[in-house]
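Shown below: run.txt, with compact mmCIF, C-alpha atoms and all ligand atoms.
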```txt
# COMPACT_ATOMS: atom_id res chain seq x y z
CA VAL I 1 8.10 57.42 -34.40
CA GLU I 2 7.46 53.81 -35.11
CA ASP I 3 7.74 52.13 -38.48
CA GLY I 4 8.58 55.45 -40.07
CA GLU I 5 5.03 56.61 -39.70
CA MET I 6 3.91 59.62 -37.74
CA ARG I 7 0.38 59.51 -36.51
CA HIS I 8 0.30 63.14 -35.49
CA SER I 9 2.45 66.05 -36.36
CA ARG I 10 2.25 69.72 -35.99
CA LYS I 11 4.16 72.74 -37.18
CA THR I 12 4.26 75.19 -34.37
CA LYS I 13 3.79 78.82 -34.03
CA SER I 14 7.23 80.25 -34.57
CA LYS I 15 9.36 81.56 -31.74
CA ARG I 16 11.36 84.72 -32.34
CA ILE I 17 15.06 84.50 -31.57
CA ASN I 18 16.88 87.71 -32.16
CA GLY I 19 16.15 88.36 -35.82
CA TYR I 20 15.21 84.76 -36.59
CA LYS I 21 12.23 82.52 -36.03
CA ARG I 22 12.44 78.95 -34.91
CA HIS I 23 9.96 76.44 -36.35
CA VAL I 24 9.55 72.85 -35.24
CA ALA I 25 7.44 69.84 -36.22
CA THR I 26 6.67 67.52 -33.35
CA ASP I 27 5.15 64.08 -33.10
CA LEU I 28 2.17 64.63 -30.83
CA ASP I 29 2.26 61.03 -29.57
CA SER I 30 5.91 60.72 -28.54
CA LYS I 31 6.54 64.51 -28.22
CA ALA I 32 9.77 63.99 -30.21
CA ILE I 33 10.86 66.83 -32.47
CA LEU I 34 10.90 65.50 -36.02
CA ALA I 35 12.13 68.51 -37.97
CA CYS I 36 13.19 72.07 -37.33
CA SER I 37 14.01 75.12 -39.34
CA VAL I 38 15.20 78.63 -38.54
CA LEU I 39 14.29 81.45 -40.91
CA PRO I 40 14.82 85.21 -40.80
CA ALA I 41 12.08 86.74 -38.63
CA ASN I 42 10.81 88.88 -41.51
CA ARG I 43 9.89 85.82 -43.61
CA PRO I 44 6.31 84.56 -43.40
CA GLU I 45 5.85 81.42 -41.25
CA HIS I 46 4.51 79.34 -44.11
CA GLU I 47 7.91 79.43 -45.85
CA ALA I 48 9.18 77.09 -43.15
CA LEU I 49 6.66 74.39 -43.97
CA PRO I 50 8.29 72.97 -47.16
CA LYS I 51 11.59 72.75 -45.28
CA LEU I 52 10.01 70.89 -42.38
CA LYS I 53 8.24 68.54 -44.76
CA ALA I 54 11.44 67.89 -46.75
CA ASP I 55 13.18 66.95 -43.49
CA MET I 56 10.39 64.56 -42.56
CA ASP I 57 10.27 63.08 -46.09
CA ALA I 58 14.01 62.41 -45.87
CA GLN I 59 13.32 60.39 -42.71
CA GLY I 60 10.55 58.43 -44.42
CA ILE I 61 7.91 59.88 -42.11
CA ARG I 62 4.38 59.67 -43.41
CA VAL I 63 2.08 62.27 -41.88
CA ALA I 64 -1.36 60.92 -41.04
CA GLU I 65 -2.60 64.03 -39.22
CA ALA I 66 -1.07 67.47 -39.52
CA HIS I 67 -1.96 69.98 -36.80
CA PHE I 68 -1.02 73.50 -37.80
CA ASP I 69 -0.98 76.98 -36.49
CA ARG I 70 -3.09 79.13 -38.82
CA ALA I 71 -0.02 81.08 -39.97
CA TYR I 72 1.24 78.04 -41.90
CA MET I 73 -1.94 77.56 -43.90
CA GLY I 74 -0.80 79.79 -46.77
CA SER I 75 1.76 77.20 -47.85
CA PRO I 76 1.09 74.94 -50.87
CA THR I 77 2.69 72.22 -48.73
CA VAL I 78 -0.60 72.01 -46.79
CA ASP I 79 -2.32 70.84 -49.98
CA GLU I 80 0.54 68.46 -50.73
CA LEU I 81 0.10 66.87 -47.29
CA ALA I 82 -3.67 66.66 -47.76
CA LYS I 83 -3.26 65.07 -51.21
CA ALA I 84 -0.86 62.55 -49.69
CA GLY I 85 -3.65 61.54 -47.29
CA ALA I 86 -2.91 63.63 -44.18
CA GLU I 87 -5.87 64.99 -42.27
CA ILE I 88 -5.34 68.72 -41.80
CA VAL I 89 -6.37 70.08 -38.40
CA CYS I 90 -6.15 73.85 -37.97
CA LYS I 91 -8.35 76.72 -36.91
CA PRO I 92 -9.95 78.14 -40.05
CA TRP I 93 -9.13 81.62 -41.27
CA LYS I 94 -11.48 84.21 -39.84
CA ALA I 95 -13.31 86.36 -42.36
CA ARG I 96 -12.98 90.06 -41.42
CA ASN I 97 -14.31 93.11 -43.18
CA GLY I 98 -14.82 95.84 -40.57
CA ASP I 99 -18.51 96.56 -40.09
CA HIS I 100 -19.37 95.21 -43.52
CA PHE I 101 -20.57 91.77 -44.58
CA THR I 102 -17.79 89.25 -44.25
CA LYS I 103 -17.23 86.30 -46.53
CA ASP I 104 -19.17 84.20 -43.98
CA ASP I 105 -22.30 86.15 -44.91
CA PHE I 106 -22.06 84.79 -48.45
CA ALA I 107 -23.22 81.27 -49.36
CA LEU I 108 -20.52 79.25 -51.06
CA ASP I 109 -21.60 76.22 -53.07
CA LEU I 110 -18.32 74.45 -53.73
CA ARG I 111 -19.90 71.68 -55.73
CA ALA I 112 -21.67 74.05 -58.12
CA ARG I 113 -18.75 76.49 -57.78
CA THR I 114 -20.95 79.46 -57.07
CA ILE I 115 -21.22 82.14 -54.42
CA THR I 116 -24.45 83.89 -53.45
CA CYS I 117 -24.42 87.24 -51.68
CA PRO I 118 -26.80 88.31 -48.89
CA ALA I 119 -29.00 90.04 -51.50
CA GLY I 120 -29.31 86.83 -53.51
CA GLN I 121 -26.92 87.62 -56.40
CA THR I 122 -25.02 84.55 -57.58
CA GLU I 123 -21.67 84.47 -59.35
CA ALA I 124 -19.46 81.62 -60.56
CA ILE I 125 -16.21 81.12 -58.64
CA GLU I 126 -12.74 79.86 -59.45
CA PHE I 127 -10.50 78.54 -56.67
CA GLY I 128 -7.61 80.89 -55.99
CA ARG I 129 -9.24 83.92 -57.68
CA ALA I 130 -11.29 86.78 -56.32
CA VAL I 131 -14.87 86.95 -57.56
CA THR I 132 -16.46 90.33 -58.25
CA PHE I 133 -20.22 90.75 -58.13
CA ASP I 134 -22.01 92.48 -60.98
CA ALA I 135 -21.37 96.21 -60.62
CA ASP I 136 -24.87 97.24 -61.78
CA ALA I 137 -26.50 94.85 -59.30
CA CYS I 138 -24.32 96.17 -56.46
CA ASP I 139 -24.99 99.81 -57.41
CA ALA I 140 -28.73 99.19 -57.20
CA CYS I 141 -28.57 97.01 -54.09
CA PRO I 142 -30.33 98.32 -50.94
CA MET I 143 -27.68 96.52 -48.83
CA ARG I 144 -24.74 98.17 -50.59
CA ALA I 145 -23.72 100.34 -47.62
CA ARG I 146 -23.48 97.22 -45.42
CA CYS I 147 -21.55 95.31 -48.04
CA THR I 148 -18.86 97.35 -49.73
CA THR I 149 -16.99 100.63 -49.70
CA ALA I 150 -16.11 100.27 -53.40
CA ALA I 151 -16.92 103.34 -55.51
CA LEU I 152 -20.13 103.23 -57.55
CA GLY I 153 -19.56 101.30 -60.74
CA ASN I 154 -17.57 98.63 -58.88
CA GLY I 155 -19.07 95.46 -57.46
CA ARG I 156 -18.18 93.80 -54.17
CA SER I 157 -15.38 91.31 -54.46
CA VAL I 158 -14.71 88.23 -52.35
CA ASN I 159 -11.47 86.31 -52.26
CA ILE I 160 -11.82 82.62 -53.09
CA LEU I 161 -8.93 80.63 -51.64
CA PRO I 162 -7.08 77.90 -53.52
CA ASN I 163 -7.88 75.56 -50.59
CA GLU I 164 -11.47 76.72 -50.11
CA ARG I 165 -12.71 73.14 -49.68
CA LEU I 166 -10.31 72.57 -46.81
CA GLN I 167 -11.28 75.90 -45.22
CA LYS I 168 -14.93 74.90 -45.38
CA ARG I 169 -14.19 71.59 -43.62
CA LEU I 170 -12.26 73.48 -40.94
CA ARG I 171 -15.08 76.00 -40.49
CA LEU I 172 -17.50 73.10 -39.94
CA MET I 173 -15.04 71.55 -37.49
CA ALA I 174 -14.88 74.83 -35.55
CA GLN I 175 -18.66 74.73 -35.11
CA THR I 176 -18.62 71.52 -33.06
CA LYS I 177 -17.28 70.90 -29.57
CA SER I 178 -15.40 67.79 -30.69
CA GLY I 179 -13.87 69.75 -33.58
CA ARG I 180 -12.72 72.55 -31.27
CA GLN I 181 -11.19 69.93 -28.96
CA ARG I 182 -9.15 68.62 -31.88
CA PHE I 183 -7.70 72.10 -32.43
CA ARG I 184 -6.36 71.87 -28.88
CA GLU I 185 -4.53 68.59 -29.53
CA ARG I 186 -1.51 70.60 -30.59
CA VAL I 187 -0.89 72.00 -27.09
CA PRO I 188 2.03 69.61 -26.35
CA VAL I 189 3.91 71.18 -29.23
CA GLU I 190 3.76 74.56 -27.52
CA GLN I 191 5.47 72.83 -24.60
CA SER I 192 8.02 71.28 -26.90
CA LEU I 193 8.84 74.66 -28.43
CA ALA I 194 9.01 76.28 -24.98
CA ARG I 195 11.44 73.58 -23.87
CA ILE I 196 13.74 74.06 -26.84
CA SER I 197 13.52 77.85 -26.36
CA HIS I 198 14.57 77.39 -22.75
CA ARG I 199 17.48 75.22 -23.84
CA GLN I 200 18.71 77.54 -26.59
CA GLY I 201 17.74 80.89 -25.16
CA ASN I 202 16.30 83.70 -27.19
CA ASN I 203 19.51 84.94 -28.76
CA ALA I 204 20.54 83.38 -32.03
CA ARG I 205 24.02 81.95 -31.59
CA TYR I 206 25.09 82.29 -35.20
CA ASN I 207 24.76 84.55 -38.18
CA GLY I 208 22.64 83.02 -40.91
CA ALA I 209 19.54 80.85 -40.94
CA ARG I 210 21.41 77.69 -41.98
CA LYS I 211 23.80 77.65 -39.04
CA ASN I 212 20.99 78.45 -36.63
CA THR I 213 18.93 75.60 -38.12
CA TYR I 214 21.82 73.22 -37.41
CA ASP I 215 22.05 74.61 -33.89
CA THR I 216 18.32 74.03 -33.36
CA ARG I 217 18.63 70.50 -34.72
CA ARG I 218 21.39 69.84 -32.21
CA ALA I 219 19.16 71.09 -29.38
CA ALA I 220 16.28 68.99 -30.73
CA ILE I 221 18.42 65.84 -30.73
CA ILE I 222 19.31 66.38 -27.07
CA GLN I 223 15.67 67.05 -26.24
CA ASN I 224 14.60 63.87 -28.04
CA LEU I 225 17.20 61.85 -26.16
CA GLU I 226 15.89 63.22 -22.86
CA ILE I 227 12.34 62.27 -23.87
CA ALA I 228 13.48 58.76 -24.83
CA GLN I 229 15.27 58.44 -21.50
CA GLN I 230 12.17 59.56 -19.57
CA ARG I 231 10.02 57.07 -21.48
CA ALA I 232 12.48 54.26 -20.80
CA ALA I 233 12.74 55.07 -17.06
S1 LIG I 301 -23.74 95.05 -52.67
FE1 LIG I 301 -23.62 93.51 -54.29
S2 LIG I 301 -22.66 91.74 -53.33
FE2 LIG I 301 -23.32 93.10 -51.69
S3 LIG I 301 -25.30 92.34 -51.08
FE3 LIG I 301 -25.66 93.92 -52.61
S4 LIG I 301 -25.71 92.87 -54.59
FE4 LIG I 301 -24.85 91.49 -53.10
```
What is this structure when it is put down as structure tokens?
Ligand code: SF4
Amino acid sequence: VEDGEMRHSRKTKSKRINGYKRHVATDLDSKAILACSVLPANRPEHEALPKLKADMDAQGIRVAEAHFDRAYMGSPTVDELAKAGAEIVCKPWKARNGDHFTKDDFALDLRARTITCPAGQTEAIEFGRAVTFDADACDACPMRARCTTAALGNGRSVNILPNERLQKRLRLMAQTKSGRQRFRERVPVEQSLARISHRQGNNARYNGARKNTYDTRRAAIIQNLEIAQQRAA
């Protein structure tokens, strides 16, 4: 990290260690670990993100690009980073709905804040709230069986994410070869996590997330020193 500014960072996929999960943020240029956190394994990954960011803030690190695993995208910290000017790079969430129309089959107009269904019905949307299509229109729709399993008298609903604009940008990125290549830029962090896992083993040494976080920080410091040594050699 030079001049307190991180050009790349990424919060990894967590690694399970005996009832806990280890999370690290790594500088993709230098491969140095910038922050780490250990949380109970039953906590969602995105809860680690504010802790990692707080650690980096305390070091005066400004994130210019943040490469995430998808599991971290539910954190409001992602929006905080984006608002602070970081470019978010992450595979977009995949819309799934069994054999029925997925969200991708609906046209979202984020500027007009509307969504149009495959049958041409349009509804207004609010970010962070589910939109429900007009029940009468859905009841009469010839595509109903392909769209929803809701009982008659209930319209199809679609979840509109708080960060829908970001998701749209990521979906567009996923459609291009250069965009997909950018998703792969985070690979060195997998190696960084594997290396710290090898060093610490897969059994948590202590009881409690706090002590295990300190233990992971200790391992990260040694790993960073090794990296610095290799670079200097
Ligand atoms: S069931 Fe409703 S939301 Fe689905 S295509 Fe028909 S009108 Fe549109």
Using all atoms listed in the file, find each protein or nucleic acid residue lying at most 6 Å from ligand LIG 301 (chain I); present the set as a short mmCIF file (atom, residue, chain, number, x, y, z; two decimals) with C-alpha atoms, in the coordinates of the input.
```cif
data_model
loop_
_atom_site.label_atom_id
_atom_site.label_comp_id
_atom_site.auth_asym_id
_atom_site.auth_seq_id
_atom_site.Cartn_x
_atom_site.Cartn_y
_atom_site.Cartn_z
CA CYS I 117 -24.42 87.24 -51.68
CA PRO I 118 -26.80 88.31 -48.89
CA ALA I 119 -29.00 90.04 -51.50
CA GLN I 121 -26.92 87.62 -56.40
CA PHE I 133 -20.22 90.75 -58.13
CA ALA I 137 -26.50 94.85 -59.30
CA CYS I 138 -24.32 96.17 -56.46
CA CYS I 141 -28.57 97.01 -54.09
CA MET I 143 -27.68 96.52 -48.83
CA ARG I 144 -24.74 98.17 -50.59
CA CYS I 147 -21.55 95.31 -48.04
CA GLY I 155 -19.07 95.46 -57.46
CA ARG I 156 -18.18 93.80 -54.17
#
```
Would you compute the distance between CA of Val131 in chain I and CA of Asn159 in chain I? Give it in Å to one decimal.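 Computing it gives 6.3 Å between the two atoms.
Residue nearest Ala25 in chain I within the list I:Asp55, I:Glu45, I:Glu80, I:Asp104: I:Asp55 [criterion: smallest interatomic distance, all atoms listed in the file].
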Quick one: everything within 10 Å of range 216-221 of chain I, counting all atoms listed in the file, minus sequence neighbours fewer than 4 positions away in the same chain. Send it as a PyMOL selection string. chain I and resi 22-24+32-38+192-193+195-197+199-200+204-205+210-212+225-227
Expressed in Å, the length from CA of Val63 in chain I to CA of Cys90 in chain I is 14.7 Å
As AutoDock Vina command-line options: centre and edge lengths in Å, one decimal, of the axis-aligned box holding range 68-71 of chain I with 5 Å per side:
```
--center_x -1.6 --center_y 77.3 --center_z -38.2 --size_x 13.1 --size_y 17.6 --size_z 13.5
```
Name the closest residue to Ala209 in chain I among the candidates I:Arg70, I:Lys31, I:Arg43, I:Lys103; distances are taken between atoms, counting all atoms listed in the file.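 With all atoms listed in the file as the atom set, the closest residue is I:Arg43.
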For CA of Lys91 in chain I and CA of Thr148 in chain I, determine how far apart the two atoms are, in Å to one decimal place.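 CA of Lys91 in chain I sits 26.5 Å away from CA of Thr148 in chain I.
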Determine the nearest neighbour of Asn163 in chain I from the options I:Phe101, I:Trp93, I:Tyr206, I:Phe183, counting all atoms listed in the file.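 Checking each candidate against Asn163 in chain I, we get I:Trp93 as the closest.
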My list of candidates is I:Thr77, I:Pro142, I:Asp27, I:Leu172. Which is closest to Lys51 in chain I when distances are computed with all atoms listed in the file?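 Looking at the shortest contact to Lys51 in chain I, the residue is I:Thr77.
When only C-alpha atoms are used to measure the gap to Ser157 in chain I, the shortest distance among I:Arg129, I:Arg169, I:Arg182, I:Ala174 belongs to I:Arg129.
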For Met73 in chain I, find every residue with an atom within 12 Å (counting only C-alpha atoms), except residues of its own chain fewer than 2 positions away, and show them as a short mmCIF file (atom, residue, chain, number, x, y, z; two decimals) with C-alpha atoms, in the frame of the given file.
```cif
data_model
loop_
_atom_site.label_atom_id
_atom_site.label_comp_id
_atom_site.auth_asym_id
_atom_site.auth_seq_id
_atom_site.Cartn_x
_atom_site.Cartn_y
_atom_site.Cartn_z
CA ARG I 10 2.25 69.72 -35.99
CA LYS I 11 4.16 72.74 -37.18
CA THR I 12 4.26 75.19 -34.37
CA LYS I 13 3.79 78.82 -34.03
CA PRO I 44 6.31 84.56 -43.40
CA GLU I 45 5.85 81.42 -41.25
CA HIS I 46 4.51 79.34 -44.11
CA GLU I 47 7.91 79.43 -45.85
CA ALA I 48 9.18 77.09 -43.15
CA LEU I 49 6.66 74.39 -43.97
CA PRO I 50 8.29 72.97 -47.16
CA ALA I 66 -1.07 67.47 -39.52
CA HIS I 67 -1.96 69.98 -36.80
CA PHE I 68 -1.02 73.50 -37.80
CA ASP I 69 -0.98 76.98 -36.49
CA ARG I 70 -3.09 79.13 -38.82
CA ALA I 71 -0.02 81.08 -39.97
CA SER I 75 1.76 77.20 -47.85
CA PRO I 76 1.09 74.94 -50.87
CA THR I 77 2.69 72.22 -48.73
CA VAL I 78 -0.60 72.01 -46.79
CA ASP I 79 -2.32 70.84 -49.98
CA GLU I 80 0.54 68.46 -50.73
CA LEU I 81 0.10 66.87 -47.29
CA ALA I 82 -3.67 66.66 -47.76
CA ILE I 88 -5.34 68.72 -41.80
CA VAL I 89 -6.37 70.08 -38.40
CA CYS I 90 -6.15 73.85 -37.97
CA LYS I 91 -8.35 76.72 -36.91
CA PRO I 92 -9.95 78.14 -40.05
CA TRP I 93 -9.13 81.62 -41.27
CA LEU I 161 -8.93 80.63 -51.64
CA PRO I 162 -7.08 77.90 -53.52
CA ASN I 163 -7.88 75.56 -50.59
CA GLU I 164 -11.47 76.72 -50.11
CA LEU I 166 -10.31 72.57 -46.81
CA GLN I 167 -11.28 75.90 -45.22
CA LEU I 170 -12.26 73.48 -40.94
#
```
From I:Thr149, I:Lys83, I:Tyr20, I:Ala58, residue lying nearest Asn42 in chain I [only C-alpha atoms]: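 Among I:Thr149, I:Lys83, I:Tyr20, I:Ala58, it is I:Tyr20 that comes nearest to Asn42 in chain I.
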